[in-house]
Amino acid sequence: MKPALASSPASVEPARKQPAIQVSNLSIVFDSNRRQIIAVDRLSFDVAPGEFVCIAGPSGCGKSTMLNTIAGLEVPFEGDILVEGSRVYSPRPDVGMVFQQPHLFPWKSVRRNIAHGPRMLGKSTTEANAIADDLIAMVGLKRFADAYPNTLSGGMQQRVAIARALANRPRVLLMDEPFGALDAQTRAVMQDNLLELRDRIKATIVFVTHDIDEAIVLADRVLIMSAGPGRVLREVAVKLPRPRSNSIMVEPTYLALKKDCLDVIRAEGLRAFNQSDAS
Amino acid sequence: MQDGTSARQEIALRIDGRGRRPDSVRLRRLNILVGALSLPLFVGLWELVSRSGAVNMVLFPPPTVVAAAVLEWMRSGQFFGDLLASLFRVTAGFIVGGALGVLLGILTGQFPVISSLLSPLFHILRPIPPIAFVPIVILWFGLSEAGKLFLVVWGVFFTVWLSTHIGVQKVDRGLIRAALMLGTPRRQMLQEIVLLGALPYIVVGLRTAVSISFYTLVAAELAGTFAGIVYRIEIAQQNLQTGQVMGGLAALGLISFLADRLFAALAERTVWWR
């Protein structure tokens, strides 16, 4: 299992067929004011080990709910979710999560925030701090190791949150619109940082966003989801060369891909609009 | 925020450089001056009114008479005995009531079953003013210290319990989810996330409880005792020593003020990440 993870996504050995994440027939239903709301409807998809998949879709399409379910945070669901071959019932340390808000522990310094995970898994404070210091260097926050979260900018806080999620060396990293609350400039920098980080950590990444540019820049594969009950509308393979950076957004191949995606999204938007008009 | 103030100061400096003093500076100086004169002014007025003959000097003695009574109180050695007795009741009651309040607040805030069991009872008992318990406390404990302690503990407990309970429930769900994703076990979740998340609320509850412990002290000492500041006030009242009564009130006010300030300073250090 380990060699498959370490290899780059482009060269996943055909022999190792087991996907890192296997979602089959996933349905999630909410009870809200006596009305049942179907957040996700019989959703199925696989993610290969080491793959970077972006899930793009309009707000309210259930993509965050689905990610929380894979994380083990949303309990009642129908269908099957396998991560690294085993069923998900509750949060597990081989699955890391970065939320839209950094959710840093305000009473812990940057170092202690990042060291929290390893400490909880039984590492000594010294070991945990060493892991934290490595990650702090990786996300470029050496000067802020002893700072408290409320003294950091939004982008810096989110970098700490990413480092904290990586501290337990997760096989799978789930990211729920992590850059959604940042300004455009910071977001571009963060995307480049993430691409760089990703080449070093070799984890499987599922990244939820409503920003189609972000999805194409980052992903090996983009799943476009529909509004209402979430389903996968279209799968778009992004065969842009790596290492990549934000600057590919002006390449013709990129623009052609983006046009494909936008067409699908526009058609779906129209359908949803007409449907809500009719009901 | 910080940028705003520094910019304002810079503007003020620039205006100063041209030799003009901005109005805001003049106004602030005036306010400081008036503030410094406020107490002497009212004390002086009090002295004048008392000595003018317009009021009965026995019932409304001037500050000089009050000061003399306080000095006499201190010289007789009774003052420190009274002070110690009162401080002991307040501190012991505060610590016991506060500790119980925090403990049960965490339990009811975190565990729905415990909350269902205890919260209805606490919500019924909480609005009863602690002073109303004086008669039954005398029946139960007589004039012993245990009764005094009971009253202060009772007063402190409910405030601290409620604020802790609310604080625990208001801990950011996002932090708990993040902690869950990092593999935080139950015990550490309580210690490192829930308790610290609720700490700002707990501190506010404890600070309110500081003044409540002084209110209940008054009730406790009026219920009958042998030493204490409020006890001394009551004795002086029976002897028509109005100066001593007012001196006692001033002492009580000062102690309660100092306790509040001390706690505020302590609280600032407790919530260290702010």
# chains A, B, ... in the order shown; residues from 1 in each chain; ligands from 1
$ closest_atom_pairs --of "chain B" --to "chain A" --cutoff "12 Å" --atoms "only C-alpha atoms" --output "Markdown table"
| residue | atom | partner | partner_atom | distance |
| --- | --- | --- | --- | --- |
| B:Val171 | CA | A:Phe105 | CA | 11.0 |
| B:Asp172 | CA | A:His103 | CA | 8.5 |
| B:Arg173 | CA | A:His103 | CA | 9.2 |
| B:Gly174 | CA | A:His103 | CA | 5.8 |
| B:Leu175 | CA | A:His103 | CA | 5.3 |
| B:Ile176 | CA | A:His103 | CA | 8.8 |
| B:Arg177 | CA | A:Leu73 | CA | 7.4 |
| B:Ala178 | CA | A:His103 | CA | 6.6 |
| B:Ala179 | CA | A:Gly117 | CA | 7.9 |
| B:Leu180 | CA | A:Pro91 | CA | 6.3 |
| B:Met181 | CA | A:Pro91 | CA | 5.3 |
| B:Leu182 | CA | A:Gly117 | CA | 4.8 |
| B:Gly183 | CA | A:Pro93 | CA | 5.6 |
| B:Thr184 | CA | A:Met120 | CA | 5.4 |
| B:Pro185 | CA | A:Met120 | CA | 7.1 |
| B:Arg186 | CA | A:Met120 | CA | 10.5 |
| B:Arg187 | CA | A:Met120 | CA | 10.5 |
| B:Gln188 | CA | A:Met120 | CA | 8.0 |
| B:Met189 | CA | A:Met120 | CA | 9.9 |
| B:Glu192 | CA | A:Trp107 | CA | 9.1 |
| B:Ile193 | CA | A:Phe105 | CA | 7.6 |
| B:Val194 | CA | A:Phe105 | CA | 10.7 |
| B:Leu195 | CA | A:Trp107 | CA | 11.0 |
| B:Leu196 | CA | A:Trp107 | CA | 7.4 |
| B:Gly197 | CA | A:Trp107 | CA | 8.4 |
| B:Ala198 | CA | A:Trp107 | CA | 11.4 |
| B:Leu199 | CA | A:Trp107 | CA | 10.2 |
| B:Pro200 | CA | A:Trp107 | CA | 11.1 |
| B:Thr270 | CA | A:Trp107 | CA | 10.6 |
| B:Val271 | CA | A:Trp107 | CA | 8.1 |
| B:Trp272 | CA | A:Trp107 | CA | 7.3 |
| B:Trp273 | CA | A:Trp107 | CA | 5.1 |
| B:Arg274 | CA | A:Asn150 | CA | 7.7 |
$ select_by_dssp --residues "segment 158-227 of chain B" --states "alpha helix (DSSP H)" --output "number ranges by chain"
B: 158-169, 173-181, 186-188, 195-222
$ closest_residue --among "A:Tyr254, A:Phe273, A:Tyr89, A:Phe52" --to "Arg198 of chain A" --atoms "only C-alpha atoms"
A:Phe52
$ closest_residue --among "B:Gln110, B:Ser256, B:Gln238, B:Thr225" --to "Leu190 of chain B" --atoms "only C-alpha atoms"
B:Gln110
$ atom_distance --atom1 "atom CA of Pro58 of chain A" --atom2 "atom CA of Ile224 of chain A"
9.2 Å
$ residues_around --residues "Gln191 of chain A" --least-positions-apart "2" --cutoff "10 Å" --atoms "only C-alpha atoms" --output "ChimeraX atom specification"
/A:179,186-189,193-197,214-215,217-218,244-246
$ atom_distance --atom1 "atom CA of Thr208 of chain B" --atom2 "atom CA of Ala132 of chain B"
19.7 Å
$ residues_around --residues "Leu71 of chain B" --least-positions-apart "6" --cutoff "10 Å" --atoms "only C-alpha atoms" --output "list in words"
Val65, Phe79, Gln244 and Gly247 of chain B
$ residues_around --residues "Ile205 of chain A" --least-positions-apart "3" --cutoff "9 Å" --atoms "only C-alpha atoms" --output "list in words"
Val47, Pro49, Gly50, Glu51, Phe52, Val53, Cys54, Arg171, Val172, Leu173, Leu174, Met175, Arg198, Lys202 and Ala219 of chain A
$ select_by_dssp --residues "segment 29-254 of chain A" --states "strand (DSSP E)" --output "compact mmCIF listing (two decimals) with N, CA, C and O atoms, in the first residue's frame"
# COMPACT_ATOMS: atom_id res chain seq x y z
N VAL A 29 -29.58 12.51 3.88
CA VAL A 29 -30.87 13.19 4.00
C VAL A 29 -30.92 13.94 5.33
O VAL A 29 -30.56 13.40 6.36
N PHE A 30 -31.34 15.19 5.27
CA PHE A 30 -31.47 16.02 6.46
C PHE A 30 -32.92 16.15 6.85
O PHE A 30 -33.78 16.23 5.98
N ASP A 31 -33.19 16.22 8.15
CA ASP A 31 -34.52 16.62 8.58
C ASP A 31 -34.46 18.08 8.96
O ASP A 31 -33.71 18.47 9.85
N SER A 32 -35.23 18.90 8.27
CA SER A 32 -35.22 20.32 8.59
C SER A 32 -36.66 20.81 8.61
O SER A 32 -37.34 20.81 7.60
N ARG A 35 -39.35 18.81 7.11
CA ARG A 35 -39.19 18.50 5.69
C ARG A 35 -37.88 17.76 5.51
O ARG A 35 -36.89 18.06 6.16
N GLN A 36 -37.91 16.79 4.65
CA GLN A 36 -36.68 16.06 4.41
C GLN A 36 -35.95 16.70 3.24
O GLN A 36 -36.53 16.91 2.17
N ILE A 37 -34.70 17.03 3.48
CA ILE A 37 -33.91 17.61 2.41
C ILE A 37 -32.85 16.61 1.99
O ILE A 37 -32.10 16.12 2.83
N ILE A 38 -32.85 16.31 0.70
CA ILE A 38 -31.84 15.37 0.20
C ILE A 38 -30.61 16.17 -0.17
O ILE A 38 -30.62 16.95 -1.13
N ALA A 39 -29.56 16.04 0.63
CA ALA A 39 -28.34 16.81 0.37
C ALA A 39 -27.52 16.15 -0.72
O ALA A 39 -27.00 16.81 -1.62
N VAL A 40 -27.41 14.83 -0.65
CA VAL A 40 -26.62 14.09 -1.63
C VAL A 40 -27.45 12.88 -2.06
O VAL A 40 -28.06 12.22 -1.23
N ASP A 41 -27.49 12.64 -3.38
CA ASP A 41 -28.36 11.59 -3.89
C ASP A 41 -27.55 10.55 -4.67
O ASP A 41 -27.08 10.82 -5.76
N ARG A 42 -27.42 9.37 -4.10
CA ARG A 42 -26.76 8.21 -4.72
C ARG A 42 -25.49 8.60 -5.48
O ARG A 42 -25.35 8.42 -6.68
N LEU A 43 -24.57 9.16 -4.71
CA LEU A 43 -23.32 9.65 -5.28
C LEU A 43 -22.28 8.54 -5.26
O LEU A 43 -22.14 7.84 -4.27
N SER A 44 -21.58 8.39 -6.37
CA SER A 44 -20.51 7.40 -6.40
C SER A 44 -19.29 7.98 -7.09
O SER A 44 -19.42 8.62 -8.14
N PHE A 45 -18.14 7.80 -6.50
CA PHE A 45 -16.88 8.12 -7.20
C PHE A 45 -15.72 7.50 -6.45
O PHE A 45 -15.85 7.13 -5.28
N ASP A 46 -14.61 7.34 -7.14
CA ASP A 46 -13.39 6.80 -6.55
C ASP A 46 -12.29 7.85 -6.64
O ASP A 46 -12.31 8.68 -7.54
N VAL A 47 -11.37 7.78 -5.72
CA VAL A 47 -10.18 8.61 -5.81
C VAL A 47 -8.97 7.69 -5.70
O VAL A 47 -8.88 6.89 -4.76
N PHE A 52 -5.18 14.07 -6.82
CA PHE A 52 -5.71 15.35 -6.32
C PHE A 52 -7.04 15.59 -7.04
O PHE A 52 -7.05 15.87 -8.24
N VAL A 53 -8.15 15.41 -6.33
CA VAL A 53 -9.46 15.58 -6.94
C VAL A 53 -10.12 16.82 -6.39
O VAL A 53 -10.14 17.04 -5.18
N CYS A 54 -10.62 17.66 -7.28
CA CYS A 54 -11.40 18.81 -6.83
C CYS A 54 -12.87 18.54 -7.10
O CYS A 54 -13.25 18.03 -8.16
N ILE A 55 -13.69 18.89 -6.12
CA ILE A 55 -15.13 18.77 -6.30
C ILE A 55 -15.69 20.17 -6.39
O ILE A 55 -15.61 20.95 -5.43
N ALA A 56 -16.21 20.50 -7.56
CA ALA A 56 -16.70 21.86 -7.79
C ALA A 56 -18.21 21.81 -7.93
O ALA A 56 -18.76 20.86 -8.47
N GLU A 78 -26.57 6.87 3.95
CA GLU A 78 -26.78 5.58 3.31
C GLU A 78 -25.69 5.38 2.29
O GLU A 78 -25.17 6.35 1.75
N GLY A 79 -25.39 4.14 2.00
CA GLY A 79 -24.35 3.85 1.04
C GLY A 79 -23.07 3.47 1.73
O GLY A 79 -23.07 3.15 2.91
N ASP A 80 -21.99 3.52 0.98
CA ASP A 80 -20.72 3.01 1.49
C ASP A 80 -19.61 4.02 1.28
O ASP A 80 -19.51 4.63 0.21
N ILE A 81 -18.80 4.22 2.32
CA ILE A 81 -17.60 5.02 2.15
C ILE A 81 -16.42 4.21 2.65
O ILE A 81 -16.40 3.78 3.81
N LEU A 82 -15.48 3.94 1.76
CA LEU A 82 -14.27 3.23 2.17
C LEU A 82 -13.09 4.16 2.00
O LEU A 82 -12.92 4.77 0.95
N VAL A 83 -12.30 4.30 3.05
CA VAL A 83 -11.05 5.05 2.95
C VAL A 83 -9.92 4.09 3.21
O VAL A 83 -9.91 3.41 4.25
N SER A 86 -11.06 0.65 4.34
CA SER A 86 -11.90 0.36 5.51
C SER A 86 -12.99 1.40 5.69
O SER A 86 -12.83 2.57 5.32
N ARG A 87 -14.10 0.94 6.26
CA ARG A 87 -15.28 1.78 6.39
C ARG A 87 -15.06 2.93 7.38
O ARG A 87 -14.36 2.79 8.36
N VAL A 95 -7.03 10.37 8.22
CA VAL A 95 -7.76 11.31 7.37
C VAL A 95 -7.66 12.70 8.00
O VAL A 95 -8.11 12.91 9.12
N GLY A 96 -7.03 13.62 7.29
CA GLY A 96 -6.89 14.99 7.80
C GLY A 96 -7.93 15.88 7.17
O GLY A 96 -8.44 15.59 6.09
N MET A 97 -8.26 16.98 7.87
CA MET A 97 -9.30 17.86 7.34
C MET A 97 -8.89 19.31 7.54
O MET A 97 -8.42 19.69 8.61
N VAL A 98 -9.09 20.10 6.48
CA VAL A 98 -8.92 21.55 6.60
C VAL A 98 -10.27 22.17 6.27
O VAL A 98 -10.85 21.89 5.23
N VAL A 172 -5.00 10.65 3.59
CA VAL A 172 -6.00 11.38 2.82
C VAL A 172 -6.20 12.75 3.46
O VAL A 172 -6.37 12.84 4.68
N LEU A 173 -6.12 13.80 2.64
CA LEU A 173 -6.35 15.14 3.16
C LEU A 173 -7.62 15.69 2.52
O LEU A 173 -7.73 15.76 1.29
N LEU A 174 -8.59 16.05 3.36
CA LEU A 174 -9.84 16.61 2.86
C LEU A 174 -9.81 18.11 3.08
O LEU A 174 -9.44 18.57 4.16
N MET A 175 -10.18 18.87 2.06
CA MET A 175 -10.12 20.33 2.19
C MET A 175 -11.45 20.91 1.75
O MET A 175 -11.89 20.74 0.62
N ASP A 176 -12.11 21.62 2.68
CA ASP A 176 -13.45 22.14 2.44
C ASP A 176 -13.39 23.64 2.18
O ASP A 176 -13.40 24.42 3.12
N THR A 204 -3.28 11.73 -0.72
CA THR A 204 -4.43 11.85 -1.59
C THR A 204 -5.22 13.07 -1.12
O THR A 204 -5.44 13.23 0.07
N ILE A 205 -5.63 13.92 -2.06
CA ILE A 205 -6.32 15.14 -1.64
C ILE A 205 -7.69 15.24 -2.31
O ILE A 205 -7.81 15.06 -3.53
N VAL A 206 -8.71 15.51 -1.51
CA VAL A 206 -10.02 15.85 -2.05
C VAL A 206 -10.31 17.27 -1.62
O VAL A 206 -10.30 17.59 -0.43
N PHE A 207 -10.52 18.12 -2.59
CA PHE A 207 -10.59 19.56 -2.35
C PHE A 207 -11.93 20.08 -2.88
O PHE A 207 -12.22 19.95 -4.06
N VAL A 208 -12.74 20.62 -1.99
CA VAL A 208 -14.05 21.13 -2.39
C VAL A 208 -13.95 22.63 -2.63
O VAL A 208 -13.32 23.35 -1.87
N THR A 209 -14.54 23.09 -3.72
CA THR A 209 -14.50 24.53 -4.00
C THR A 209 -15.70 24.90 -4.88
O THR A 209 -16.30 24.04 -5.52
N ARG A 221 -8.16 15.86 -11.48
CA ARG A 221 -9.48 15.51 -11.98
C ARG A 221 -10.48 16.40 -11.27
O ARG A 221 -10.38 16.59 -10.05
N VAL A 222 -11.43 16.95 -12.02
CA VAL A 222 -12.46 17.80 -11.41
C VAL A 222 -13.80 17.08 -11.53
O VAL A 222 -14.16 16.62 -12.62
N LEU A 223 -14.49 16.97 -10.40
CA LEU A 223 -15.86 16.44 -10.45
C LEU A 223 -16.80 17.62 -10.31
O LEU A 223 -16.75 18.35 -9.32
N ILE A 224 -17.65 17.82 -11.32
CA ILE A 224 -18.59 18.93 -11.26
C ILE A 224 -19.92 18.40 -10.73
O ILE A 224 -20.47 17.44 -11.27
N MET A 225 -20.39 19.00 -9.64
CA MET A 225 -21.61 18.51 -9.00
C MET A 225 -22.80 19.36 -9.35
O MET A 225 -22.68 20.54 -9.65
N VAL A 232 -22.87 13.75 -9.35
CA VAL A 232 -21.75 14.15 -10.20
C VAL A 232 -22.28 14.36 -11.61
O VAL A 232 -22.81 13.45 -12.24
N LEU A 233 -22.14 15.58 -12.12
CA LEU A 233 -22.62 15.90 -13.46
C LEU A 233 -21.62 15.50 -14.51
O LEU A 233 -21.96 14.99 -15.57
N ARG A 234 -20.37 15.79 -14.24
CA ARG A 234 -19.34 15.59 -15.25
C ARG A 234 -18.01 15.39 -14.56
O ARG A 234 -17.77 15.96 -13.49
N GLU A 235 -17.18 14.59 -15.16
CA GLU A 235 -15.84 14.38 -14.66
C GLU A 235 -14.89 14.96 -15.68
O GLU A 235 -14.97 14.61 -16.85
N VAL A 236 -14.02 15.85 -15.29
CA VAL A 236 -13.09 16.45 -16.24
C VAL A 236 -11.66 16.12 -15.81
O VAL A 236 -11.24 16.48 -14.70
N ALA A 237 -10.93 15.39 -16.65
CA ALA A 237 -9.53 15.10 -16.34
C ALA A 237 -8.69 16.32 -16.71
O ALA A 237 -8.85 16.88 -17.79
$ atom_distance --atom1 "atom CA of Ile95 of chain B" --atom2 "atom CA of Ala265 of chain B"
17.4 Å
$ closest_residue --among "B:Ser211, B:Gln191, B:Gln169, B:Thr64" --to "Gly155 of chain B" --atoms "only C-alpha atoms"
B:Ser211
$ closest_residue --among "B:Leu27, B:Leu45, B:Val66, B:Leu125" --to "Ala250 of chain B" --atoms "only C-alpha atoms"
B:Val66
$ decode --residues "segment 152-164 of chain A" --atoms "all heavy atoms" --output "short mmCIF file (atom, residue, chain, number, x, y, z; two decimals), in the first residue's frame"
data_model
loop_
_atom_site.label_atom_id
_atom_site.label_comp_id
_atom_site.auth_asym_id
_atom_site.auth_seq_id
_atom_site.Cartn_x
_atom_site.Cartn_y
_atom_site.Cartn_z
N LEU A 152 -2.37 36.56 13.65
CA LEU A 152 -2.01 36.22 12.28
C LEU A 152 -3.09 36.66 11.30
O LEU A 152 -4.27 36.76 11.66
CB LEU A 152 -1.84 34.70 12.14
CG LEU A 152 -0.85 34.01 13.07
CD1 LEU A 152 -0.83 32.52 12.79
CD2 LEU A 152 0.54 34.59 12.93
N SER A 153 -2.69 36.88 10.03
CA SER A 153 -3.66 37.21 8.99
C SER A 153 -4.44 35.95 8.61
O SER A 153 -4.04 34.83 8.96
CB SER A 153 -2.93 37.75 7.77
OG SER A 153 -2.23 36.70 7.14
N GLY A 154 -5.53 36.13 7.86
CA GLY A 154 -6.37 34.99 7.47
C GLY A 154 -5.58 33.94 6.70
O GLY A 154 -5.71 32.74 6.95
N GLY A 155 -4.73 34.39 5.77
CA GLY A 155 -3.95 33.45 4.97
C GLY A 155 -2.97 32.66 5.82
O GLY A 155 -2.80 31.45 5.66
N MET A 156 -2.32 33.37 6.76
CA MET A 156 -1.37 32.70 7.64
C MET A 156 -2.10 31.69 8.54
O MET A 156 -1.60 30.58 8.76
CB MET A 156 -0.65 33.73 8.51
CG MET A 156 0.46 34.46 7.77
SD MET A 156 0.66 36.13 8.39
CE MET A 156 1.84 35.89 9.64
N GLN A 157 -3.27 32.07 9.03
CA GLN A 157 -4.03 31.14 9.87
C GLN A 157 -4.37 29.87 9.11
O GLN A 157 -4.28 28.77 9.64
CB GLN A 157 -5.33 31.80 10.36
CG GLN A 157 -5.10 32.89 11.37
CD GLN A 157 -6.40 33.40 11.96
OE1 GLN A 157 -7.43 32.74 11.91
NE2 GLN A 157 -6.37 34.59 12.53
N GLN A 158 -4.74 30.06 7.83
CA GLN A 158 -5.12 28.88 7.06
C GLN A 158 -3.90 28.01 6.77
O GLN A 158 -4.01 26.79 6.71
CB GLN A 158 -5.84 29.32 5.78
CG GLN A 158 -6.75 28.28 5.15
CD GLN A 158 -7.81 27.70 6.07
OE1 GLN A 158 -7.52 26.96 7.01
NE2 GLN A 158 -9.06 28.04 5.83
N ARG A 159 -2.72 28.63 6.63
CA ARG A 159 -1.50 27.84 6.44
C ARG A 159 -1.22 27.01 7.69
O ARG A 159 -0.79 25.86 7.61
CB ARG A 159 -0.31 28.75 6.13
CG ARG A 159 -0.21 29.04 4.64
CD ARG A 159 1.07 29.73 4.32
NE ARG A 159 0.93 31.17 4.45
CZ ARG A 159 1.96 32.02 4.49
NH1 ARG A 159 3.19 31.57 4.44
NH2 ARG A 159 1.73 33.30 4.59
N VAL A 160 -1.45 27.62 8.86
CA VAL A 160 -1.28 26.87 10.11
C VAL A 160 -2.27 25.69 10.15
O VAL A 160 -1.91 24.57 10.51
CB VAL A 160 -1.49 27.77 11.35
CG1 VAL A 160 -1.35 26.94 12.63
CG2 VAL A 160 -0.51 28.92 11.35
N ALA A 161 -3.50 25.96 9.71
CA ALA A 161 -4.52 24.90 9.73
C ALA A 161 -4.11 23.74 8.82
O ALA A 161 -4.31 22.58 9.16
CB ALA A 161 -5.87 25.47 9.31
N ILE A 162 -3.52 24.07 7.67
CA ILE A 162 -3.06 23.02 6.75
C ILE A 162 -1.92 22.23 7.40
O ILE A 162 -1.92 21.00 7.42
CB ILE A 162 -2.62 23.62 5.40
CG1 ILE A 162 -3.84 24.23 4.68
CG2 ILE A 162 -1.96 22.56 4.52
CD1 ILE A 162 -3.50 25.03 3.44
N ALA A 163 -0.97 22.97 7.98
CA ALA A 163 0.15 22.30 8.64
C ALA A 163 -0.35 21.41 9.77
O ALA A 163 0.13 20.29 9.96
CB ALA A 163 1.13 23.34 9.19
N ARG A 164 -1.35 21.89 10.51
CA ARG A 164 -1.89 21.12 11.63
C ARG A 164 -2.53 19.82 11.13
O ARG A 164 -2.36 18.76 11.73
CB ARG A 164 -2.92 21.96 12.39
CG ARG A 164 -3.44 21.27 13.64
CD ARG A 164 -4.40 22.15 14.41
NE ARG A 164 -5.60 22.44 13.63
CZ ARG A 164 -6.65 23.10 14.11
NH1 ARG A 164 -6.62 23.57 15.34
NH2 ARG A 164 -7.70 23.32 13.36
#
